[in-house]
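Read the structure below first, then the notes.
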Amino acid sequence: MELQIAKHTKEVEEIICRFLPKEEGYQKTVLSAMNYSFNAGGKRLRPMLMLEVFRLFGGKNIKLVEPFMAAMEMLHTSSLIHDDLPAMDNDEYRRGKKTTHIVYGEAMAILAGDGLLLYAFETAAKAYEVEPENKNIGKALSIFAQKAGIYGMVGGQTVDVEMEGKPLSQEQLLFIHHLKTGALIEASMMIGAILAEASDEDVLKIQKIASNIGLAFQIQDDILDVMGDEEMIGKPVGSDCKNNKTTYVSLKGIEQSHADVERYTNEAVGLLDSLHGANEFLKSLLMALVNRKK
Ligand code: GRG
């Protein structure tokens, strides 16, 4: 499976990198900061999911989905740049490299995040150059904006920032996970389905699959955090001992968290099986994502 994922990652990488802007003109510092962050690595999970769902529904013209794949990775990268800023998580490293504000300074990192966010929309709109009359492009753009914005990732991040250092209820934590992490996974898979002309009913099913996978992915993230944090062992359930942050594991315990990852994944795979056609790679990819060890 690892080999297969590596092959697909290479395919996705080749597609999305074609859409990066050239580093030229008086504004080339911001372009260089944008490209630095985009090229700093990453699993390319969201564009890969988009492409596989497009294939699942028999999407014919891959050129149509390519701009959206690149746009989704740009959007995701823009959120990571802003998340790493001193005003938010204040992280020095991301994807094994120095973060954008460490390399380019804070002002340029803010601009690189803004630049990537807007260039993501400019890039997605290039799908109109491929099929000018295709009404699904408008639908896909609407999902793209919605899931990124106040009813999606930005909304989730808002609650996360506001609740920092305070104990969270399970409902609040799930709200944050669902919007902050789940929304872009939902958008990626839904856009793949919409552009492949899936029925509204199937797009809803895909949204449900993605929502389950998003939660399982984030719970697994919380589990991996704890496993990498030896000090947690023996500490009372209730909060992450590092920065007093409530996580799924601190609320539910490690065993229940493992069980919930399995439950959400099984639900997603069951729904996937109920769709016509089969994409074995997509199924294995979903399993690999939630069972990942890093
Ligand atoms: C600029 C649009 C915009 C938003 C600002 C800062 C912010 C609002 C949102 C932050 C959202 C955030 C950091 C969510 C975390 C999502 C997540 C699970 C990231 C890690 O994803 P992976 O594991 O990372 O796919 P790689 O590096 O592999 O891409």
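Letters A, B, ... go to the chains of the structure tokens in the order shown; residues in each chain start at 1; ligands are counted from 1 in the same order.
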
query = Do you know which residues are within 7 Å of ligand 1 using only C-alpha atoms and all ligand atoms? Can you write them as a PyMOL selection string?
reply = chain A and resi 41-45+75+78-80+82-83+95+113-114+117+148-149+153-154+157+180-181+218

For the residues in the current selection, export C-alpha atoms as a PDB file, in the first residue's frame.
```pdb
ATOM      1  CA  GLY A  41       6.331  18.735   1.699  1.00  0.00           C
ATOM      2  CA  GLY A  42       3.058  17.414   2.995  1.00  0.00           C
ATOM      3  CA  LYS A  43       1.022  14.325   2.280  1.00  0.00           C
ATOM      4  CA  ARG A  44      -1.105  16.001  -0.438  1.00  0.00           C
ATOM      5  CA  LEU A  45      -4.005  14.164   1.094  1.00  0.00           C
ATOM      6  CA  LEU A  75      -5.884  26.828   0.551  1.00  0.00           C
ATOM      7  CA  SER A  78      -2.389  29.154   3.473  1.00  0.00           C
ATOM      8  CA  SER A  79      -4.148  27.977   6.635  1.00  0.00           C
ATOM      9  CA  LEU A  80      -0.979  26.259   7.876  1.00  0.00           C
ATOM     10  CA  HIS A  82      -1.384  31.482   9.384  1.00  0.00           C
ATOM     11  CA  ASP A  83      -1.779  28.757  12.010  1.00  0.00           C
ATOM     12  CA  ARG A  95       6.604  19.589   7.688  1.00  0.00           C
ATOM     13  CA  GLY A 113      -1.028  33.181   3.516  1.00  0.00           C
ATOM     14  CA  ASP A 114      -3.292  35.877   2.047  1.00  0.00           C
ATOM     15  CA  LEU A 117      -5.682  31.924  -0.217  1.00  0.00           C
ATOM     16  CA  ALA A 148     -12.913  27.293   4.014  1.00  0.00           C
ATOM     17  CA  GLY A 149     -14.810  30.155   5.612  1.00  0.00           C
ATOM     18  CA  MET A 153     -12.271  25.954   8.719  1.00  0.00           C
ATOM     19  CA  VAL A 154     -12.143  29.603   9.857  1.00  0.00           C
ATOM     20  CA  GLN A 157     -10.210  27.837  14.192  1.00  0.00           C
ATOM     21  CA  LYS A 180     -11.152  22.968  11.500  1.00  0.00           C
ATOM     22  CA  THR A 181      -9.975  19.668  10.005  1.00  0.00           C
ATOM     23  CA  GLN A 218      -8.145  14.132  13.794  1.00  0.00           C
TER      24      GLN A 218
END
```

As a compact mmCIF listing (two decimals) with N, CA and C atoms, in the first residue's frame, please: the residues near Gly214 of chain A (cut-off 7 Å, only C-alpha atoms, same-chain neighbours under 5 positions excluded).
```txt
# COMPACT_ATOMS: atom_id res chain seq x y z
N HIS A 178 -14.54 19.00 13.65
CA HIS A 178 -15.38 18.84 12.45
C HIS A 178 -15.12 19.99 11.47
N THR A 181 -10.65 20.69 10.81
CA THR A 181 -9.97 19.67 10.00
C THR A 181 -10.92 19.04 8.99
N GLY A 182 -12.13 18.75 9.44
CA GLY A 182 -13.06 18.00 8.59
C GLY A 182 -13.54 18.78 7.38
N ILE A 185 -11.54 18.38 4.20
CA ILE A 185 -11.61 17.00 3.70
C ILE A 185 -12.96 16.79 3.02
```

message = Can you pull out the residues contacting segment 167-175 of chain A? Cut-off 8 Å, using only C-alpha atoms, and skip same-chain residues under 3 positions away; I want them as a list of chain:residue names.
response =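 The contact residues come out as A:Gly156, A:Met163, A:His178, A:Leu179, A:Leu215, A:Ser239, A:Lys245, A:Thr246, A:Thr247, A:Tyr248, A:Leu251.
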
Would you export the selected residues with N, CA and C atoms as a PDB file, in the first residue's frame, please?
```
ATOM      1  N   GLY A 156     -14.050  26.896  12.742  1.00  0.00           N
ATOM      2  CA  GLY A 156     -13.457  25.938  13.687  1.00  0.00           C
ATOM      3  C   GLY A 156     -12.248  26.535  14.389  1.00  0.00           C
ATOM      4  N   MET A 163     -11.131  29.245  22.855  1.00  0.00           N
ATOM      5  CA  MET A 163     -11.245  28.324  23.996  1.00  0.00           C
ATOM      6  C   MET A 163      -9.878  27.889  24.519  1.00  0.00           C
ATOM      7  N   HIS A 178     -14.539  18.996  13.647  1.00  0.00           N
ATOM      8  CA  HIS A 178     -15.376  18.845  12.449  1.00  0.00           C
ATOM      9  C   HIS A 178     -15.122  19.990  11.467  1.00  0.00           C
ATOM     10  N   LEU A 179     -15.042  21.229  12.015  1.00  0.00           N
ATOM     11  CA  LEU A 179     -14.874  22.370  11.102  1.00  0.00           C
ATOM     12  C   LEU A 179     -13.408  22.616  10.750  1.00  0.00           C
ATOM     13  N   LEU A 215     -13.051  13.150  11.148  1.00  0.00           N
ATOM     14  CA  LEU A 215     -13.027  12.951  12.605  1.00  0.00           C
ATOM     15  C   LEU A 215     -12.020  11.865  12.990  1.00  0.00           C
ATOM     16  N   SER A 239      -6.904  16.554  30.673  1.00  0.00           N
ATOM     17  CA  SER A 239      -6.241  17.583  29.881  1.00  0.00           C
ATOM     18  C   SER A 239      -4.881  17.099  29.409  1.00  0.00           C
ATOM     19  N   LYS A 245      -4.311  21.605  27.014  1.00  0.00           N
ATOM     20  CA  LYS A 245      -5.253  21.600  25.895  1.00  0.00           C
ATOM     21  C   LYS A 245      -6.109  20.339  25.967  1.00  0.00           C
ATOM     22  N   THR A 246      -7.424  20.527  25.864  1.00  0.00           N
ATOM     23  CA  THR A 246      -8.291  19.347  25.832  1.00  0.00           C
ATOM     24  C   THR A 246      -8.146  18.678  24.473  1.00  0.00           C
ATOM     25  N   THR A 247      -7.922  17.376  24.487  1.00  0.00           N
ATOM     26  CA  THR A 247      -7.885  16.626  23.227  1.00  0.00           C
ATOM     27  C   THR A 247      -8.895  15.488  23.344  1.00  0.00           C
ATOM     28  N   TYR A 248      -9.118  14.822  22.234  1.00  0.00           N
ATOM     29  CA  TYR A 248     -10.054  13.699  22.258  1.00  0.00           C
ATOM     30  C   TYR A 248      -9.580  12.645  23.252  1.00  0.00           C
ATOM     31  N   LEU A 251     -10.159  13.577  26.831  1.00  0.00           N
ATOM     32  CA  LEU A 251     -11.580  13.488  27.210  1.00  0.00           C
ATOM     33  C   LEU A 251     -12.064  12.042  27.336  1.00  0.00           C
TER      34      LEU A 251
END
```

request  = Using only C-alpha atoms, find the one residue out of A:Met50, A:Asn136, A:His101, A:Phe68 that sits nearest to Glu186 of chain A.
outcome  =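 Among the listed residues, A:Met50 lies closest to Glu186 of chain A.
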
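Among the candidates A:Arg292, A:Lys205, A:Lys28, A:Lys147, the one nearest to Ile219 of chain A when counting only C-alpha atoms is A:Arg292.
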
message = Between atom CA of Leu51 of chain A and atom CA of Val12 of chain A, what distance in Å does the model show, to one decimal?
response =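 Atom-to-atom, atom CA of Leu51 of chain A and atom CA of Val12 of chain A are spaced 8.3 Å apart.
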
key: Within 10 Å of Val103 of chain A using only C-alpha atoms, minus same-chain residues under 5 positions, as a ChimeraX atom specification   = /A:33,36,92,97-98,108-109

I need the residues from that last selection saved to file as a PDB file, in the first residue's frame (with C-alpha atoms), if you can.
```pdb
ATOM      1  CA  ALA A  33       7.326  32.659   0.407  1.00  0.00           C
ATOM      2  CA  TYR A  36       8.432  27.809  -0.162  1.00  0.00           C
ATOM      3  CA  GLU A  92       9.038  27.141  14.441  1.00  0.00           C
ATOM      4  CA  LYS A  97      11.210  22.658   7.777  1.00  0.00           C
ATOM      5  CA  LYS A  98      11.381  26.136   9.320  1.00  0.00           C
ATOM      6  CA  MET A 108       5.666  38.421   4.682  1.00  0.00           C
ATOM      7  CA  ALA A 109       4.161  35.214   6.137  1.00  0.00           C
TER       8      ALA A 109
END
```

key: Met1 of chain A surroundings by only C-alpha atoms, 10 Å radius, close-in-sequence under 4 positions cut, as a PyMOL selection string   = chain A and resi 5-7+281+284-285+288

inquiry  = Which residues are close to segment 252-269 of chain A, i.e. within 7 Å by only C-alpha atoms, leaving aside same-chain residues fewer than 6 positions away? Reply as an MDAnalysis selection string.
reply    = chainID A and resid 209 212:213 216 219:220 223 237 283

Same residues, N, CA and C atoms, output as a PDB file, in the first residue's frame:
```pdb
ATOM      1  N   ILE A 209     -19.206  10.448   4.306  1.00  0.00           N
ATOM      2  CA  ILE A 209     -17.971   9.638   4.358  1.00  0.00           C
ATOM      3  C   ILE A 209     -16.808  10.525   4.804  1.00  0.00           C
ATOM      4  N   ASN A 212     -16.840  11.549   8.486  1.00  0.00           N
ATOM      5  CA  ASN A 212     -16.353  10.463   9.351  1.00  0.00           C
ATOM      6  C   ASN A 212     -14.839  10.326   9.266  1.00  0.00           C
ATOM      7  N   ILE A 213     -14.326  10.436   8.050  1.00  0.00           N
ATOM      8  CA  ILE A 213     -12.868  10.295   7.868  1.00  0.00           C
ATOM      9  C   ILE A 213     -12.145  11.475   8.533  1.00  0.00           C
ATOM     10  N   ALA A 216     -12.068  10.749  12.255  1.00  0.00           N
ATOM     11  CA  ALA A 216     -11.129   9.657  12.544  1.00  0.00           C
ATOM     12  C   ALA A 216      -9.684  10.145  12.388  1.00  0.00           C
ATOM     13  N   ILE A 219      -8.818  12.395  15.388  1.00  0.00           N
ATOM     14  CA  ILE A 219      -8.659  11.629  16.641  1.00  0.00           C
ATOM     15  C   ILE A 219      -7.327  10.880  16.601  1.00  0.00           C
ATOM     16  N   GLN A 220      -7.017  10.316  15.420  1.00  0.00           N
ATOM     17  CA  GLN A 220      -5.732   9.616  15.275  1.00  0.00           C
ATOM     18  C   GLN A 220      -4.579  10.584  15.508  1.00  0.00           C
ATOM     19  N   ILE A 223      -4.203  10.920  19.113  1.00  0.00           N
ATOM     20  CA  ILE A 223      -3.578   9.697  19.665  1.00  0.00           C
ATOM     21  C   ILE A 223      -2.063   9.756  19.411  1.00  0.00           C
ATOM     22  N   VAL A 237      -6.780  11.661  33.324  1.00  0.00           N
ATOM     23  CA  VAL A 237      -7.550  11.994  32.124  1.00  0.00           C
ATOM     24  C   VAL A 237      -8.196  13.350  32.360  1.00  0.00           C
ATOM     25  N   LYS A 283     -10.458   3.167  -0.952  1.00  0.00           N
ATOM     26  CA  LYS A 283     -10.787   2.488   0.301  1.00  0.00           C
ATOM     27  C   LYS A 283      -9.510   2.259   1.127  1.00  0.00           C
TER      28      LYS A 283
END
```

message = Quick one: residues within 8 Å of Leu141 of chain A, only C-alpha atoms, excluding same-chain residues fewer than 6 positions away - as number ranges by chain?
response = A: 121, 124-125

query = Looking at A:Glu133, A:Ser37, A:Ser250, A:Ala183, which one is nearest to Ile150 of chain A, with distances taken over only C-alpha atoms?
reply = A:Ala183

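When only C-alpha atoms are used to compute distances to Val65 of chain A, the closest of the residues A:Val226, A:Leu20, A:Met190, A:Ala278 turns out to be A:Met190.
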
inquiry  = For the structure I just gave you, how does DSSP split segment 50-281 of chain A - specifically, which residues are strand (DSSP E)? Reply as a PyMOL selection string.
reply    = chain A and resi 93-94+97-98

Put those residues in a file: C-alpha atoms, as a compact mmCIF listing (two decimals), in the first residue's frame.
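Contents of result-v3.txt, freshly written:
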```
# COMPACT_ATOMS: atom_id res chain seq x y z
CA TYR A 93 8.84 23.99 12.33
CA ARG A 94 6.25 22.60 9.93
CA LYS A 97 11.21 22.66 7.78
CA LYS A 98 11.38 26.14 9.32
```

key: Of the listed residues A:Lys293, A:Leu271, A:Val30, A:Ile176, that which approaches Gly228 of chain A most closely, counting only C-alpha atoms   =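 Of the candidates, the smallest distance to Gly228 of chain A is held by A:Lys293.
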
inquiry  = Which of segment 22-198 of chain A end up as helix (DSSP H, G or I) when DSSP is run on this backbone - answer as number ranges by chain?
reply    = A: 28-38, 45-56, 62-84, 100-104, 106-124, 127-130, 136-148, 153-162, 170-195
